[in-house]
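The file run-v7.tsv contains TSV, C-alpha atoms and all ligand atoms:
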```
chain	number	residue	atom	x	y	z
Y	1	MET	CA	24.38	17.71	-12.06
Y	2	ILE	CA	20.71	17.57	-11.10
Y	3	GLN	CA	19.54	20.40	-8.87
Y	4	ILE	CA	17.41	18.72	-6.23
Y	5	HIS	CA	15.45	21.85	-5.35
Y	6	GLN	CA	14.32	21.98	-8.98
Y	7	LEU	CA	12.82	18.48	-8.93
Y	8	LYS	CA	9.73	19.49	-6.95
Y	9	GLY	CA	9.08	22.37	-9.35
Y	10	LEU	CA	9.56	20.18	-12.41
Y	11	TYR	CA	7.00	17.71	-11.06
Y	12	LEU	CA	4.57	20.55	-10.31
Y	13	GLU	CA	4.97	21.91	-13.81
Y	14	GLN	CA	4.37	18.48	-15.32
Y	15	PHE	CA	1.49	17.22	-13.18
Y	16	GLY	CA	-0.13	20.37	-11.76
Y	17	SER	CA	0.27	19.33	-8.11
Y	18	ASN	CA	3.10	18.89	-5.61
Y	19	PRO	CA	4.94	15.56	-5.31
Y	20	ALA	CA	4.67	13.55	-2.08
Y	21	ILE	CA	8.19	12.12	-2.22
Y	22	LEU	CA	11.56	12.81	-3.82
Y	23	ALA	CA	14.03	9.92	-3.90
Y	24	LYS	CA	17.24	8.83	-5.61
Y	25	SER	CA	19.04	5.56	-6.25
Y	26	PRO	CA	22.59	5.19	-7.59
Y	27	GLY	CA	24.42	3.35	-10.33
Y	28	ARG	CA	27.30	1.09	-9.36
Y	29	ILE	CA	30.87	0.08	-10.08
Y	30	ASN	CA	32.48	-3.32	-9.48
Y	31	ILE	CA	36.05	-3.19	-8.19
Y	32	ILE	CA	36.96	-6.80	-8.98
Y	33	GLY	CA	35.13	-10.11	-9.60
Y	34	GLU	CA	34.03	-10.31	-13.23
Y	35	HIS	CA	31.98	-13.17	-14.70
Y	36	THR	CA	31.94	-14.71	-11.24
Y	37	ASP	CA	28.25	-13.94	-10.57
Y	38	TYR	CA	26.74	-16.61	-12.81
Y	39	ASN	CA	29.28	-19.08	-11.41
Y	40	LEU	CA	27.84	-18.46	-7.93
Y	41	GLY	CA	31.05	-16.72	-6.92
Y	42	LEU	CA	31.90	-13.38	-5.34
Y	43	VAL	CA	31.54	-9.80	-6.58
Y	44	LEU	CA	32.75	-6.52	-5.05
Y	45	PRO	CA	30.45	-3.69	-6.17
Y	46	ALA	CA	29.82	-0.27	-4.66
Y	47	ALA	CA	27.15	2.36	-5.22
Y	48	ILE	CA	28.41	5.58	-6.82
Y	49	ASN	CA	27.47	9.26	-6.76
Y	50	LYS	CA	25.52	9.07	-10.02
Y	51	TYR	CA	21.79	8.72	-9.59
Y	52	ILE	CA	18.36	8.35	-11.04
Y	53	TYR	CA	16.03	10.77	-9.27
Y	54	ILE	CA	12.28	10.41	-9.00
Y	55	ALA	CA	9.46	12.64	-7.78
Y	56	VAL	CA	6.24	10.76	-7.13
Y	57	GLY	CA	2.69	11.53	-6.02
Y	58	LYS	CA	-0.37	9.37	-5.50
Y	59	ARG	CA	-3.23	9.02	-7.96
Y	60	SER	CA	-6.50	7.40	-6.93
Y	61	ASP	CA	-7.65	6.37	-10.42
Y	62	PHE	CA	-5.34	3.36	-10.77
Y	63	LYS	CA	-3.48	5.07	-13.60
Y	64	ILE	CA	0.19	5.86	-13.98
Y	65	HIS	CA	1.39	9.08	-15.55
Y	66	LEU	CA	5.14	9.11	-16.19
Y	67	TYR	CA	7.50	11.74	-17.54
Y	68	SER	CA	11.13	11.10	-18.43
Y	69	ALA	CA	13.15	14.32	-18.56
Y	70	ASP	CA	16.05	12.61	-20.31
Y	71	TYR	CA	13.86	11.17	-23.07
Y	72	THR	CA	11.46	14.21	-22.98
Y	73	GLU	CA	8.64	11.71	-23.23
Y	74	THR	CA	5.35	11.10	-21.44
Y	75	TYR	CA	3.64	7.78	-20.86
Y	76	ARG	CA	0.12	7.44	-19.50
Y	77	ALA	CA	-1.83	4.23	-19.01
Y	78	PRO	CA	-3.93	2.29	-16.52
Y	79	LEU	CA	-1.63	0.61	-13.97
Y	80	ALA	CA	-2.89	-2.82	-15.04
Y	81	ASP	CA	-2.18	-2.31	-18.75
Y	82	ASP	CA	0.29	-4.58	-20.54
Y	83	PRO	CA	3.47	-2.44	-20.84
Y	84	GLU	CA	4.50	-4.11	-24.10
Y	85	ALA	CA	3.75	-1.00	-26.16
Y	86	ALA	CA	5.40	1.40	-23.67
Y	87	PRO	CA	8.77	3.03	-24.40
Y	88	ILE	CA	11.61	0.99	-22.95
Y	89	TRP	CA	12.40	3.40	-20.09
Y	90	ALA	CA	8.75	3.25	-18.97
Y	91	LYS	CA	8.77	-0.56	-18.96
Y	92	TYR	CA	11.19	-0.58	-16.04
Y	93	VAL	CA	8.91	1.72	-14.04
Y	94	ILE	CA	5.65	-0.01	-14.93
Y	95	GLY	CA	7.28	-3.43	-14.55
Y	96	ILE	CA	8.30	-2.95	-10.93
Y	97	ALA	CA	5.04	-1.14	-10.12
Y	98	GLN	CA	3.01	-4.08	-11.42
Y	99	ILE	CA	5.13	-6.57	-9.48
Y	100	LEU	CA	4.58	-4.50	-6.31
Y	101	LYS	CA	0.85	-4.37	-7.06
Y	102	ARG	CA	0.75	-8.15	-7.40
Y	103	GLU	CA	2.51	-8.52	-4.05
Y	104	HIS	CA	0.90	-5.58	-2.25
Y	105	ILE	CA	-2.64	-4.86	-3.20
Y	106	LYS	CA	-2.43	-1.43	-1.47
Y	107	LEU	CA	-0.63	0.15	-4.39
Y	108	GLU	CA	-2.80	2.40	-6.52
Y	109	GLY	CA	-1.89	4.81	-9.30
Y	110	PHE	CA	0.90	7.38	-9.26
Y	111	ASN	CA	2.60	10.18	-11.14
Y	112	ALA	CA	6.36	10.01	-11.55
Y	113	TYR	CA	8.90	12.53	-12.87
Y	114	ILE	CA	12.22	10.82	-13.70
Y	115	ILE	CA	15.60	12.38	-14.34
Y	116	GLY	CA	19.11	11.02	-13.97
Y	117	ASP	CA	22.85	11.32	-14.49
Y	118	VAL	CA	23.91	7.66	-14.56
Y	119	PRO	CA	25.44	7.26	-18.04
Y	120	LEU	CA	23.22	4.91	-20.06
Y	121	GLY	CA	24.53	1.54	-21.18
Y	122	ALA	CA	28.08	2.29	-19.91
Y	123	GLY	CA	28.02	-0.64	-17.49
Y	124	LEU	CA	27.06	1.51	-14.50
Y	125	SER	CA	23.62	-0.06	-14.23
Y	126	SER	CA	21.38	2.86	-14.93
Y	127	SER	CA	18.57	0.34	-15.38
Y	128	ALA	CA	18.99	-1.01	-11.84
Y	129	ALA	CA	19.06	2.56	-10.54
Y	130	LEU	CA	15.75	3.18	-12.33
Y	131	THR	CA	13.90	0.11	-11.01
Y	132	CYS	CA	15.34	0.56	-7.52
Y	133	VAL	CA	14.42	4.23	-7.26
Y	134	THR	CA	10.90	3.44	-8.44
Y	135	GLY	CA	10.53	0.57	-5.95
Y	136	PHE	CA	12.06	2.66	-3.18
Y	137	ALA	CA	9.75	5.64	-3.80
Y	138	LEU	CA	6.58	3.54	-4.16
Y	139	ASN	CA	7.48	1.67	-0.98
Y	140	HIS	CA	7.41	5.01	0.88
Y	141	LEU	CA	4.44	6.42	-0.99
Y	142	TYR	CA	2.20	3.46	-0.16
Y	143	ASN	CA	3.84	2.32	3.11
Y	144	LEU	CA	4.53	-1.14	1.73
Y	145	ASN	CA	7.08	-1.98	4.43
Y	146	LEU	CA	9.49	-3.58	1.99
Y	147	SER	CA	13.10	-4.14	2.96
Y	148	ARG	CA	15.89	-2.87	0.70
Y	149	LEU	CA	16.69	-6.45	-0.22
Y	150	GLU	CA	13.09	-7.07	-1.30
Y	151	ILE	CA	13.16	-3.93	-3.47
Y	152	ALA	CA	16.41	-5.10	-5.06
Y	153	LYS	CA	14.89	-8.50	-5.83
Y	154	PHE	CA	11.78	-6.92	-7.36
Y	155	GLY	CA	14.11	-4.79	-9.51
Y	156	GLN	CA	15.90	-7.90	-10.71
Y	157	GLN	CA	12.54	-9.58	-11.40
Y	158	THR	CA	11.56	-6.58	-13.54
Y	159	GLU	CA	14.67	-7.02	-15.71
Y	160	HIS	CA	13.86	-10.72	-16.08
Y	161	GLU	CA	10.14	-10.38	-16.80
Y	162	ASN	CA	9.76	-7.05	-18.55
Y	163	ILE	CA	13.09	-6.47	-20.28
Y	164	GLY	CA	14.22	-10.04	-20.93
Y	165	VAL	CA	17.64	-9.50	-19.28
Y	166	LYS	CA	18.48	-12.50	-17.10
Y	167	CYS	CA	20.79	-10.57	-14.79
Y	168	GLY	CA	22.06	-11.53	-11.35
Y	169	LEU	CA	21.29	-9.44	-8.28
Y	170	MET	CA	24.55	-7.48	-8.03
Y	171	ASP	CA	23.36	-4.25	-9.68
Y	172	GLN	CA	20.13	-3.88	-7.75
Y	173	PHE	CA	21.84	-5.01	-4.53
Y	174	ALA	CA	24.47	-2.28	-4.86
Y	175	SER	CA	21.91	0.37	-5.79
Y	176	CYS	CA	19.72	-0.41	-2.75
Y	177	MET	CA	22.34	-1.46	-0.18
Y	178	GLY	CA	25.36	0.71	-1.05
Y	179	LYS	CA	27.22	2.45	1.79
Y	180	LYS	CA	29.55	5.44	1.52
Y	181	ASN	CA	33.27	4.49	1.47
Y	182	ASN	CA	32.37	0.79	1.60
Y	183	LEU	CA	32.51	-1.94	-0.97
Y	184	ILE	CA	30.00	-4.76	-0.80
Y	185	LYS	CA	31.45	-8.25	-0.81
Y	186	LEU	CA	28.48	-10.14	-2.14
Y	187	ASP	CA	28.31	-13.91	-2.33
Y	188	CYS	CA	26.21	-14.82	-5.35
Y	189	GLN	CA	25.65	-18.34	-4.02
Y	190	ASP	CA	23.61	-17.49	-0.93
Y	191	LEU	CA	23.40	-13.67	-1.16
Y	192	SER	CA	25.26	-13.24	2.11
Y	193	PHE	CA	27.26	-10.02	2.13
Y	194	LYS	CA	29.74	-8.00	4.07
Y	195	TYR	CA	30.69	-4.33	3.88
Y	196	ILE	CA	34.40	-3.77	3.26
Y	197	PRO	CA	35.28	-0.32	4.60
Y	198	ALA	CA	38.27	1.55	3.18
Y	199	ASP	CA	39.71	5.02	3.36
Y	200	TRP	CA	39.52	6.34	-0.18
Y	201	SER	CA	40.69	9.84	0.73
Y	202	ASN	CA	44.05	9.50	-1.07
Y	203	TYR	CA	42.53	8.08	-4.27
Y	204	GLU	CA	40.17	8.91	-7.07
Y	205	ILE	CA	38.10	6.50	-9.08
Y	206	LEU	CA	38.04	7.30	-12.77
Y	207	LEU	CA	36.10	5.38	-15.39
Y	208	LEU	CA	37.14	5.65	-19.00
Y	209	ASN	CA	34.27	4.77	-21.30
Y	210	THR	CA	35.58	3.39	-24.59
Y	211	ASN	CA	32.16	4.11	-26.14
Y	212	VAL	CA	32.35	0.80	-27.96
Y	213	HIS	CA	30.17	-2.25	-27.64
Y	214	HIS	CA	31.41	-5.01	-29.93
Y	215	SER	CA	28.76	-7.28	-31.38
Y	216	LEU	CA	30.62	-10.34	-30.07
Y	217	ALA	CA	29.46	-9.58	-26.55
Y	218	SER	CA	26.29	-11.65	-26.22
Y	219	SER	CA	27.44	-14.76	-28.12
Y	220	ALA	CA	30.76	-14.79	-26.24
Y	221	TYR	CA	28.87	-14.39	-22.97
Y	222	ASN	CA	26.81	-17.47	-23.74
Y	223	ASP	CA	29.94	-19.40	-24.82
Y	224	ARG	CA	31.72	-18.56	-21.56
Y	225	ARG	CA	28.72	-19.65	-19.50
Y	226	ALA	CA	28.54	-22.90	-21.43
Y	227	ALA	CA	32.29	-23.54	-20.95
Y	228	CYS	CA	31.97	-23.07	-17.19
Y	229	GLU	CA	28.93	-25.39	-17.05
Y	230	GLN	CA	30.79	-28.02	-19.05
Y	231	GLY	CA	33.77	-27.85	-16.70
Y	232	VAL	CA	31.48	-28.32	-13.68
Y	233	ALA	CA	29.73	-31.27	-15.38
Y	234	TRP	CA	33.05	-33.04	-16.02
Y	235	VAL	CA	34.18	-32.69	-12.41
Y	236	LYS	CA	30.72	-33.70	-11.23
Y	237	GLU	CA	31.13	-37.07	-12.96
Y	238	HIS	CA	33.71	-37.82	-10.26
Y	239	HIS	CA	32.35	-35.75	-7.35
Y	240	SER	CA	28.57	-35.79	-7.48
Y	241	SER	CA	28.01	-33.19	-4.74
Y	242	ILE	CA	29.60	-30.39	-6.75
Y	243	GLN	CA	27.20	-27.59	-7.77
Y	244	SER	CA	29.36	-24.88	-9.32
Y	245	LEU	CA	32.95	-23.74	-9.90
Y	246	ARG	CA	32.78	-22.43	-6.36
Y	247	ASP	CA	33.11	-26.01	-5.10
Y	248	ILE	CA	36.00	-26.96	-7.40
Y	249	SER	CA	39.77	-26.72	-6.86
Y	250	ILE	CA	42.42	-26.05	-9.51
Y	251	GLU	CA	43.77	-29.58	-8.84
Y	252	GLN	CA	40.38	-31.07	-9.75
Y	253	LEU	CA	40.32	-28.98	-12.93
Y	254	GLU	CA	43.77	-30.21	-13.86
Y	255	ARG	CA	42.74	-33.79	-13.28
Y	256	TYR	CA	39.27	-33.95	-14.82
Y	257	VAL	CA	38.95	-31.02	-17.22
Y	258	LYS	CA	42.37	-30.21	-18.69
Y	259	PRO	CA	42.84	-33.61	-20.42
Y	260	ARG	CA	39.46	-33.20	-22.15
Y	261	SER	CA	39.77	-29.51	-23.15
Y	262	VAL	CA	42.53	-27.02	-22.39
Y	263	GLU	CA	40.18	-24.26	-23.57
Y	264	ILE	CA	37.48	-25.13	-21.00
Y	265	TYR	CA	40.10	-25.68	-18.32
Y	266	THR	CA	41.51	-22.18	-18.92
Y	267	LYS	CA	38.06	-20.57	-18.66
Y	268	CYS	CA	37.20	-22.44	-15.45
Y	269	LYS	CA	40.59	-21.72	-13.91
Y	270	PHE	CA	40.06	-18.01	-14.55
Y	271	ILE	CA	36.85	-18.05	-12.49
Y	272	ILE	CA	38.42	-19.88	-9.55
Y	273	GLN	CA	41.40	-17.48	-9.56
Y	274	GLU	CA	39.17	-14.42	-9.95
Y	275	ASN	CA	37.30	-15.41	-6.78
Y	276	GLN	CA	40.67	-15.76	-5.04
Y	277	ARG	CA	41.81	-12.34	-6.33
Y	278	LEU	CA	38.63	-10.84	-4.90
Y	279	GLN	CA	39.30	-12.43	-1.49
Y	280	ASP	CA	42.85	-11.04	-1.62
Y	281	ALA	CA	41.55	-7.61	-2.64
Y	282	CYS	CA	39.29	-7.52	0.42
Y	283	ILE	CA	42.21	-8.34	2.70
Y	284	SER	CA	44.34	-5.64	1.03
Y	285	LEU	CA	41.59	-3.05	1.45
Y	286	THR	CA	41.04	-3.93	5.08
Y	287	MET	CA	44.77	-3.37	5.64
Y	288	GLY	CA	44.69	-0.12	3.66
Y	289	ASP	CA	47.05	-1.62	1.07
Y	290	PHE	CA	45.79	0.05	-2.11
Y	291	LYS	CA	49.00	-0.77	-3.95
Y	292	LYS	CA	48.27	-4.47	-3.61
Y	293	LEU	CA	44.63	-3.86	-4.61
Y	294	GLY	CA	45.92	-2.14	-7.74
Y	295	GLU	CA	48.20	-5.05	-8.63
Y	296	LEU	CA	45.28	-7.45	-8.29
Y	297	MET	CA	43.17	-5.28	-10.61
Y	298	PHE	CA	45.86	-5.24	-13.32
Y	299	LYS	CA	46.25	-9.01	-12.94
Y	300	ALA	CA	42.49	-9.47	-13.20
Y	301	HIS	CA	42.43	-7.42	-16.38
Y	302	TRP	CA	45.08	-9.43	-18.19
Y	303	ALA	CA	43.47	-12.66	-17.10
Y	304	LEU	CA	40.15	-11.41	-18.48
Y	305	SER	CA	41.95	-10.46	-21.68
Y	306	LYS	CA	44.27	-13.42	-22.26
Y	307	GLU	CA	42.56	-16.30	-20.45
Y	308	TYR	CA	38.84	-15.58	-20.33
Y	309	GLU	CA	39.17	-13.66	-23.63
Y	310	VAL	CA	36.47	-11.05	-23.12
Y	311	SER	CA	38.49	-7.85	-23.64
Y	312	CYS	CA	39.09	-5.88	-26.84
Y	313	ASP	CA	41.81	-3.63	-28.30
Y	314	GLU	CA	40.29	-0.45	-26.92
Y	315	LEU	CA	40.15	-1.80	-23.33
Y	316	ASP	CA	43.63	-3.33	-23.53
Y	317	PHE	CA	45.04	-0.06	-24.88
Y	318	LEU	CA	43.62	1.86	-21.90
Y	319	ILE	CA	44.97	-0.67	-19.38
Y	320	GLU	CA	48.43	-0.58	-20.96
Y	321	SER	CA	48.34	3.21	-20.73
Y	322	ALA	CA	47.31	2.96	-17.08
Y	323	GLU	CA	50.16	0.55	-16.32
Y	324	ASN	CA	52.61	2.99	-17.91
Y	325	ASN	CA	51.44	5.86	-15.72
Y	326	HIS	CA	52.81	5.45	-12.20
Y	327	GLU	CA	50.01	7.53	-10.71
Y	328	VAL	CA	47.42	4.98	-11.73
Y	329	ILE	CA	47.73	2.35	-9.04
Y	330	GLY	CA	45.32	-0.16	-10.54
Y	331	ALA	CA	42.96	-0.55	-13.49
Y	332	ARG	CA	40.94	-3.16	-15.31
Y	333	MET	CA	38.05	-3.55	-17.69
Y	334	MET	CA	34.71	-3.45	-15.88
Y	335	GLY	CA	31.62	-5.39	-16.90
Y	336	GLY	CA	31.00	-8.23	-19.31
Y	337	GLY	CA	33.68	-7.08	-21.77
Y	338	PHE	CA	34.11	-6.29	-25.49
Y	339	GLY	CA	33.71	-2.60	-24.72
Y	340	GLY	CA	32.28	-0.41	-21.98
Y	341	CYS	CA	34.49	1.18	-19.33
Y	342	THR	CA	37.79	0.65	-17.61
Y	343	ILE	CA	37.95	1.41	-13.90
Y	344	ASN	CA	41.10	3.19	-12.71
Y	345	ILE	CA	42.25	3.88	-9.16
Y	346	ILE	CA	44.43	6.98	-9.28
Y	347	GLN	CA	46.39	9.05	-6.78
Y	348	LYS	CA	44.20	11.92	-5.59
Y	349	GLY	CA	44.32	14.93	-7.90
Y	350	ARG	CA	46.16	13.08	-10.67
Y	351	SER	CA	43.30	11.90	-12.86
Y	352	GLN	CA	43.32	15.03	-15.05
Y	353	PRO	CA	46.93	14.63	-16.23
Y	354	PHE	CA	46.18	10.95	-16.97
Y	355	ILE	CA	43.12	11.87	-19.03
Y	356	GLN	CA	45.12	14.54	-20.91
Y	357	GLU	CA	47.76	11.97	-21.70
Y	358	VAL	CA	45.56	9.06	-22.71
Y	359	ALA	CA	42.57	10.70	-24.45
Y	360	PRO	CA	44.43	12.08	-27.51
Y	361	LYS	CA	46.37	8.83	-27.94
Y	362	PHE	CA	43.12	6.86	-27.81
Y	363	LYS	CA	41.57	9.18	-30.43
Y	364	ALA	CA	44.63	8.87	-32.67
Y	365	ARG	CA	44.64	5.11	-32.41
Y	366	PHE	CA	40.91	4.33	-32.76
Y	367	GLY	CA	39.47	7.41	-34.47
Y	368	PHE	CA	36.87	8.27	-31.82
Y	369	GLU	CA	36.79	9.82	-28.36
Y	370	LEU	CA	36.72	8.13	-24.98
Y	371	THR	CA	34.56	9.61	-22.21
Y	372	PRO	CA	36.01	10.11	-18.72
Y	373	ILE	CA	33.58	9.66	-15.81
Y	374	HIS	CA	34.66	10.59	-12.26
Y	375	VAL	CA	32.88	8.67	-9.54
Y	376	ALA	CA	32.98	8.32	-5.76
Y	377	ILE	CA	31.61	5.57	-3.54
Y	378	ALA	CA	28.27	6.59	-2.11
Y	379	ASP	CA	25.23	5.44	-0.15
Y	380	GLY	CA	22.48	3.40	-1.79
Y	381	ALA	CA	18.86	4.46	-2.41
Y	382	SER	CA	17.65	7.29	-0.21
Y	383	LEU	CA	14.72	9.52	0.45
Y	384	ILE	CA	15.54	13.12	-0.42
Y	385	GLN	CA	12.33	14.72	0.79
Y	386	GLU	CA	8.89	13.71	2.00
Y	387	TYR	CA	6.15	16.36	1.95
Y	401	LIG	P1	22.94	-0.01	-18.04
Y	401	LIG	O1	24.23	-0.76	-18.10
Y	401	LIG	O2	23.16	1.46	-17.93
Y	401	LIG	O3	22.02	-0.55	-16.98
Y	401	LIG	P2	20.87	-0.98	-19.72
Y	401	LIG	O4	20.72	-1.14	-21.17
Y	401	LIG	O5	20.66	-2.17	-18.86
Y	401	LIG	O6	22.25	-0.27	-19.45
Y	401	LIG	O7	19.78	0.09	-19.23
Y	401	LIG	C1	19.62	1.31	-19.89
Y	401	LIG	C2	18.14	1.62	-19.96
Y	401	LIG	O8	17.64	2.07	-18.68
Y	401	LIG	C3	17.84	2.76	-20.91
Y	401	LIG	O9	17.66	2.25	-22.22
Y	401	LIG	C4	16.55	3.31	-20.35
Y	401	LIG	O10	15.45	2.56	-20.81
Y	401	LIG	C5	16.69	3.09	-18.86
Y	401	LIG	N1	17.21	4.33	-18.24
Y	401	LIG	C6	18.45	4.52	-17.75
Y	401	LIG	N2	18.61	5.79	-17.30
Y	401	LIG	C7	17.44	6.41	-17.52
Y	401	LIG	C8	16.97	7.75	-17.30
Y	401	LIG	N3	17.76	8.70	-16.77
Y	401	LIG	N4	15.70	8.03	-17.64
Y	401	LIG	C9	14.89	7.09	-18.18
Y	401	LIG	N5	15.29	5.84	-18.42
Y	401	LIG	C10	16.55	5.49	-18.11
Y	402	MG	MG	21.29	-2.57	-16.94
```
Could you render the structure as structure tokens?
Ligand code: ADP
Ligand code: MG
Amino acid sequence: MIQIHQLKGLYLEQFGSNPAILAKSPGRINIIGEHTDYNLGLVLPAAINKYIYIAVGKRSDFKIHLYSADYTETYRAPLADDPEAAPIWAKYVIGIAQILKREHIKLEGFNAYIIGDVPLGAGLSSSAALTCVTGFALNHLYNLNLSRLEIAKFGQQTEHENIGVKCGLMDQFASCMGKKNNLIKLDCQDLSFKYIPADWSNYEILLLNTNVHHSLASSAYNDRRAACEQGVAWVKEHHSSIQSLRDISIEQLERYVKPRSVEIYTKCKFIIQENQRLQDACISLTMGDFKKLGELMFKAHWALSKEYEVSCDELDFLIESAENNHEVIGARMMGGGFGGCTINIIQKGRSQPFIQEVAPKFKARFGFELTPIHVAIADGASLIQEY
């Protein structure tokens, strides 16, 4: 846990002056709606109580001086310099700063002290938290008058341009727009969104990180995208107005896709049904029916595993264990698949016994440890202190 009152002192120690602003931006979970984003479907993320923190102060020499506490590394360069040679963590910070500079000439140099507790590469979007907190803090520091949505979009642009990750907007959207006790029903087609409030007081959210990332992930991701595009193209031959799986019914899939490829039909059907599961999950939450939400999560997992085929033994093992424990009301793999975390909704106070039960079995089966991560649904980016 980061001690906020220490952040000002750490900045002072590093840069020899006081910071002007302390800010934080969170990582995120996604309750249901996997692989739907690139099919212009729905996702249901929420910001969590794990953050990247930043302390920033102005510089008038058009330079940036950065310090990452987690990498114990410094990076100093003119703001305009090509970040190609910078360490990867600094590229996110420089990347969004340069985009802001291009858009808002007001921005000059700055110092930034960065520290965080969003687990890296676990599918909780630490990278989005980093770009969003930087954008959020610079927006305040230089009075750029950017909306949260604009900051999120600049964060996404940074991933595209500086990191080469062609991600959707979900991660940055959740980090900037998150709201305590609310999920965000985000439509990836037109970016319209709705908060879905729920009373989480009887439940805990536990992530179990398998600590694996199978090498299949990126090629399978591309294959799945291609399968979905092919399915759309086949239906489009008969209905020219169709843009994405969002516009297609199961009946149309059965008619135009199944006879040509059962494999592609199965992948496309998964996406259409996953969007429907998400709609049903929102209704269940609004009615306070967590049991139904849990059932939908288990269903989503096995569809991801058996139909969309993006799970792995470690994830399936954890979901089977969750299904066999009556205090876990719902669980599924979270993220692109082939590793990463499962998300588990558990009766309040019962996550510890579940961890004690499942962790040794996981170790015995796979030969390495899982990592439990407790999270709660929290607000998006916020200013901690302005001096
Ligand atoms: P994730 O799923 O967590 O977003 P990514 O690979 O997209 O995984 O992003 C992880 C990268 O984000 C790290 O390699 C690092 O460059 C940057 N990052 C994340 N957290 C921090 C941090 N606390 N301090 C500095 N850089 C960080
Ligand atoms: Mg990321």
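If you count all atoms listed in the file and ignore residues fewer than 3 places along the chain from Gly339 (chain Y), what sits within 9 Å of it is Ala122, Asn209, Thr210, Asn211, Val212, His213, His214, Ala217, Ser311, Cys312, Asp313, Glu314, Leu315, Met333, Met334, Gly335, Gly336 and Thr342 of chain Y.
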- Task: Residues within 6 Å of ligand MG 402 (chain Y), counting only C-alpha atoms and all ligand atoms: report them as a list in words.
- Result: Ser125, Ser126, Ser127 and Ala128 of chain Y
Selection near region 92-98 of chain Y, 7 Å with all atoms listed in the file, sequence-local residues under 2 positions removed, as a PDB file with C-alpha atoms, keeping the file's coordinate frame:
```pdb
ATOM      1  CA  PRO Y  83       3.470  -2.440 -20.840  1.00  0.00           C
ATOM      2  CA  TRP Y  89      12.400   3.400 -20.090  1.00  0.00           C
ATOM      3  CA  ALA Y  90       8.750   3.250 -18.970  1.00  0.00           C
ATOM      4  CA  LEU Y 100       4.580  -4.500  -6.310  1.00  0.00           C
ATOM      5  CA  LYS Y 101       0.850  -4.370  -7.060  1.00  0.00           C
ATOM      6  CA  ARG Y 102       0.750  -8.150  -7.400  1.00  0.00           C
ATOM      7  CA  LEU Y 130      15.750   3.180 -12.330  1.00  0.00           C
ATOM      8  CA  THR Y 131      13.900   0.110 -11.010  1.00  0.00           C
ATOM      9  CA  THR Y 134      10.900   3.440  -8.440  1.00  0.00           C
ATOM     10  CA  GLY Y 135      10.530   0.570  -5.950  1.00  0.00           C
ATOM     11  CA  PHE Y 154      11.780  -6.920  -7.360  1.00  0.00           C
ATOM     12  CA  GLY Y 155      14.110  -4.790  -9.510  1.00  0.00           C
ATOM     13  CA  THR Y 158      11.560  -6.580 -13.540  1.00  0.00           C
ATOM     14  CA  ASN Y 162       9.760  -7.050 -18.550  1.00  0.00           C
TER      15      ASN Y 162
END
```
- Considering only C-alpha atoms and all ligand atoms, state which residue in the set Y:Asn39, Y:Ser382, Y:Ser192, Y:Thr72 is at the smallest distance from ligand LIG 401 (chain Y). Y:Thr72
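CA of Gly123 (chain Y) sits 25.1 Å away from CA of Asn202 (chain Y).
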- Item | Within 12 Å of Ile114 (chain Y) using all atoms listed in the file, minus same-chain residues under 4 positions, as number ranges by chain | Y: 2, 7-8, 10-11, 14, 22-25, 51-56, 65-75, 89-90, 92-93, 129-131, 133-134, 137
- Show which residues sit within 9 Å of Arg225 (chain Y), as a PyMOL selection string. Count only C-alpha atoms, and ignore same-chain residues fewer than 4 positions away. chain Y and resi 35+38-39+220-221+229-230
Would you mind exporting the chosen residues as a CSV table (one decimal), in the coordinates of the input, restricted to C-alpha atoms?
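This is the output file result_11.csv:
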```csv
chain,number,residue,atom,x,y,z
Y,35,HIS,CA,32.0,-13.2,-14.7
Y,38,TYR,CA,26.7,-16.6,-12.8
Y,39,ASN,CA,29.3,-19.1,-11.4
Y,220,ALA,CA,30.8,-14.8,-26.2
Y,221,TYR,CA,28.9,-14.4,-23.0
Y,229,GLU,CA,28.9,-25.4,-17.0
Y,230,GLN,CA,30.8,-28.0,-19.0
```
- Taking into account all atoms listed in the file, which residue in the set Y:Gly337, Y:Tyr203, Y:Leu186, Y:Arg224 is nearest to ligand LIG 401 (chain Y)? Y:Gly337
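Our summary of the geometry notes that CA of Lys269 (chain Y) is positioned 10.9 Å from CA of Arg246 (chain Y).
Nearest to ligand LIG 401 (chain Y) of all the residues Y:Arg28, Y:Arg332, Y:Arg277, Y:Arg148 is Y:Arg28, counting all atoms listed in the file.
Between CA of Ala85 (chain Y) and CA of Glu161 (chain Y) the separation is 14.7 Å.
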- Message: Quick one: residues within 12 Å of Asn182 (chain Y), only C-alpha atoms, excluding same-chain residues fewer than 6 positions away - as an NGL selection string?
- Response: :Y and (29-31 or 44-48 or 174 or 193-200 or 282 or 285-286 or 376-380)
Scan for residues within 9 Å of the point (28.7, -21.6, -9.0) in the coordinates of the file, using all atoms listed in the file, and reply as an mmCIF file with C-alpha atoms, keeping the file's coordinate frame.
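Output file result.cif follows:
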```cif
data_model
loop_
_atom_site.group_PDB
_atom_site.id
_atom_site.type_symbol
_atom_site.label_atom_id
_atom_site.label_comp_id
_atom_site.auth_asym_id
_atom_site.auth_seq_id
_atom_site.Cartn_x
_atom_site.Cartn_y
_atom_site.Cartn_z
ATOM 1 C CA THR Y 36 31.940 -14.710 -11.240
ATOM 2 C CA ASP Y 37 28.250 -13.940 -10.570
ATOM 3 C CA TYR Y 38 26.740 -16.610 -12.810
ATOM 4 C CA ASN Y 39 29.280 -19.080 -11.410
ATOM 5 C CA LEU Y 40 27.840 -18.460 -7.930
ATOM 6 C CA GLY Y 41 31.050 -16.720 -6.920
ATOM 7 C CA CYS Y 188 26.210 -14.820 -5.350
ATOM 8 C CA GLN Y 189 25.650 -18.340 -4.020
ATOM 9 C CA CYS Y 228 31.970 -23.070 -17.190
ATOM 10 C CA GLU Y 229 28.930 -25.390 -17.050
ATOM 11 C CA VAL Y 232 31.480 -28.320 -13.680
ATOM 12 C CA GLN Y 243 27.200 -27.590 -7.770
ATOM 13 C CA SER Y 244 29.360 -24.880 -9.320
ATOM 14 C CA LEU Y 245 32.950 -23.740 -9.900
ATOM 15 C CA ARG Y 246 32.780 -22.430 -6.360
ATOM 16 C CA ASP Y 247 33.110 -26.010 -5.100
#
```
